[in-house]
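Participant: Okay, here's the structure, questions in a sec.
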Amino acid sequence: LHRVDRRQRQMCIRDRDEQQPQQKRYLQVITDESKRLSRLFGNVLNFARTPRIHKRDFEPDDVIKQVMDHFTPGFNGKSVKLNISLNAKKTIYSDPDSFEQILNNLLSNAEKYAVGGRQLDIDSRIENENLIVRARDYGKGIARSERKRIFQAFYRINGDLSEGVSGTGIGLTIARQQAEHLGGSLEFIDVSPGACFQLTPVSYTHLTLPTIYSV
């Protein structure tokens, strides 16, 4: 799948000026599907084993930007406005790969369930030397009776929210497990309208200015 995705990017660059609109749409569908399958296989593999944690210094906002670059075309195709406010302007000590997969799972979840709200907010900040990342959508939200179960493996919400949506039911389970392996947490935050997830991986610490932009 990684080879397919790399080959697809090369084709897009090489043939960009020659592609017709319909061809571009087909290429985008292939690219999106290869990324989706890569995330799916990654989730299955990570669910079956204890994640290996390799901590090092990195800038979390750089990872968030990288992840958003992958998801932006899909959200744009569904007319979802992205509001991104990145204020975690410090180098932290954690596992960037685990951090990235947690974000992938959160955004994949939002891409499937939250498009009805037409808006997704992503923000990051440093609070008491800890990184906090929030992903908030404006969709139908999650019923109070369902909230305690959304992190359970293979559990999928019943009703209109999940109708016609494919998935394994382990994305949020793995995201929370990885956050806990980092010494942090992933929690559901009660908001209205929509739903909000807050990630707090335990981390540490060099300050610059905030970046705010809208896609």
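Chain labels A, B, ... are given in the sequence in which chains occur in the structure tokens; within each chain residues are numbered consecutively from 1, and ligands are likewise numbered from 1 in the order shown.
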Within segment 94-203 of chain A, find each residue whose DSSP state, derived from the backbone, is alpha helix (DSSP H), and express the selection as a list of chain:residue names.

Facilitator: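 Selection result, alpha helix (DSSP H) within segment 94-203 of chain A: A:Pro96, A:Asp97, A:Ser98, A:Phe99, A:Glu100, A:Gln101, A:Ile102, A:Leu103, A:Asn104, A:Asn105, A:Leu106, A:Leu107, A:Ser108, A:Asn109, A:Ala110, A:Glu111, A:Lys112, A:Tyr113, A:Gly171, A:Leu172, A:Thr173, A:Ile174, A:Ala175, A:Arg176, A:Gln177, A:Gln178, A:Ala179, A:Glu180, A:His181.
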
Participant: Here is a test: counting only C-alpha atoms, which residue of A:Val63, A:Ser124, A:Asn105, A:Asp69 is nearest to Leu86 of chain A?

Facilitator: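 Of the candidates, the smallest distance to Leu86 of chain A is held by A:Ser124.
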
Participant: Of the residues A:Gly141, A:Pro201, A:Gly171, A:Gly184, which is the one nearest to Ser108 of chain A, using only C-alpha atoms?

Facilitator: A:Gly171

Participant: Out of A:Ile126, A:Ile174, A:Leu199, A:Val133, which residue has the shortest atom-to-atom distance to Ile92 of chain A when counting only C-alpha atoms?

Facilitator: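 Closest residue, counting only C-alpha atoms: A:Ile126.
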
Participant: Provide the atom CA of Asn87 of chain A to atom CA of Asp61 of chain A distance in Å, to one decimal place.

Facilitator: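 Atom CA of Asp61 of chain A lies at a distance of 7.6 Å from atom CA of Asn87 of chain A.
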
Participant: Give me, please, the distance in Å between atom CA of Lys78 of chain A and atom CA of Leu186 of chain A, quoted to one decimal.

Facilitator: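 Atom CA of Leu186 of chain A lies 26.3 Å from atom CA of Lys78 of chain A.
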
Participant: Atom CA of Ala195 of chain A and atom CA of Gln177 of chain A, how far apart in Å?

Facilitator: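 Distance between the two atoms: 19.8 Å.
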
Participant: Could you check the closest approach to Arg56 of chain A for each of A:Leu182, A:Leu106, A:Ile189, A:Ala143 and tell me which residue wins, using only C-alpha atoms?

Facilitator: A:Leu182

Participant: Between A:Met68, A:Ile102, A:Ile53, A:Leu120, single out the one closest to Lys81 of chain A, counting only C-alpha atoms.

Facilitator: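 Smallest distance to Lys81 of chain A is found for A:Leu120.
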
Participant: Give the answer as one residue: which of A:Asn109, A:Asn76, A:Gln119, A:Gln101 has the shortest atom-to-atom distance to Pro193 of chain A, using only C-alpha atoms?

Facilitator: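 Closest residue, counting only C-alpha atoms: A:Gln119.
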
Participant: So that I can check the surroundings of Leu172 of chain A, please list as a JSON list (two decimals) with C-alpha atoms, in the first residue's frame every protein, DNA and RNA residue that reaches within 12 Å of it, counting only C-alpha atoms and ignoring chain neighbours fewer than 6 positions away.

Facilitator:
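And here's part_10.json as it stands now:
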```json
[["chain", "number", "residue", "atom", "x", "y", "z"],
["A", 43, "ASN", "CA", -4.93, -0.45, 13.36],
["A", 47, "PHE", "CA", -4.58, -3.89, 18.17],
["A", 101, "GLN", "CA", -1.42, 7.39, 14.65],
["A", 102, "ILE", "CA", -3.64, 8.75, 17.42],
["A", 103, "LEU", "CA", -4.30, 11.81, 15.26],
["A", 104, "ASN", "CA", -4.90, 9.61, 12.21],
["A", 105, "ASN", "CA", -7.54, 7.63, 14.08],
["A", 106, "LEU", "CA", -9.26, 10.73, 15.45],
["A", 107, "LEU", "CA", -9.42, 12.40, 12.04],
["A", 108, "SER", "CA", -10.48, 9.20, 10.31],
["A", 109, "ASN", "CA", -13.31, 8.95, 12.83],
["A", 110, "ALA", "CA", -14.31, 12.57, 12.17],
["A", 147, "ARG", "CA", -20.33, 7.79, 25.51],
["A", 149, "ARG", "CA", -18.78, 2.61, 25.34],
["A", 150, "ILE", "CA", -17.19, 4.43, 22.42],
["A", 151, "PHE", "CA", -13.68, 3.40, 23.53],
["A", 152, "GLN", "CA", -14.61, -0.28, 23.80],
["A", 153, "ALA", "CA", -13.14, -2.56, 21.15],
["A", 154, "PHE", "CA", -15.46, -3.39, 18.24],
["A", 155, "TYR", "CA", -18.24, -1.19, 19.60],
["A", 156, "ARG", "CA", -20.04, 0.88, 17.00],
["A", 178, "GLN", "CA", -1.62, 4.46, 22.64],
["A", 179, "ALA", "CA", -2.27, 7.66, 24.59],
["A", 185, "SER", "CA", -5.06, 10.18, 28.10],
["A", 186, "LEU", "CA", -7.69, 10.49, 25.39],
["A", 187, "GLU", "CA", -11.07, 11.70, 26.62],
["A", 188, "PHE", "CA", -14.45, 12.62, 25.21],
["A", 197, "PHE", "CA", -11.94, 14.51, 21.81],
["A", 198, "GLN", "CA", -9.05, 15.75, 23.91],
["A", 199, "LEU", "CA", -5.61, 14.14, 23.67]]
```

Participant: What's the 9 Å shell around Pro96 of chain A, counting only C-alpha atoms, without same-chain residues fewer than 6 positions away, as an NGL selection string?

Facilitator: :A and (54-60 or 63)

Participant: Keeping only C-alpha atoms, write the selected residues to a file as a PDB file, in the first residue's frame.

Facilitator:
```pdb
ATOM      1  CA  HIS A  54      10.275   5.197  20.970  1.00  0.00           C
ATOM      2  CA  LYS A  55      10.375   8.614  22.588  1.00  0.00           C
ATOM      3  CA  ARG A  56      12.427  11.493  21.257  1.00  0.00           C
ATOM      4  CA  ASP A  57      12.255  15.267  20.926  1.00  0.00           C
ATOM      5  CA  PHE A  58       9.906  16.608  18.238  1.00  0.00           C
ATOM      6  CA  GLU A  59       7.551  19.509  17.581  1.00  0.00           C
ATOM      7  CA  PRO A  60       3.920  18.349  17.840  1.00  0.00           C
ATOM      8  CA  VAL A  63       3.206  16.348  13.090  1.00  0.00           C
TER       9      VAL A  63
END
```
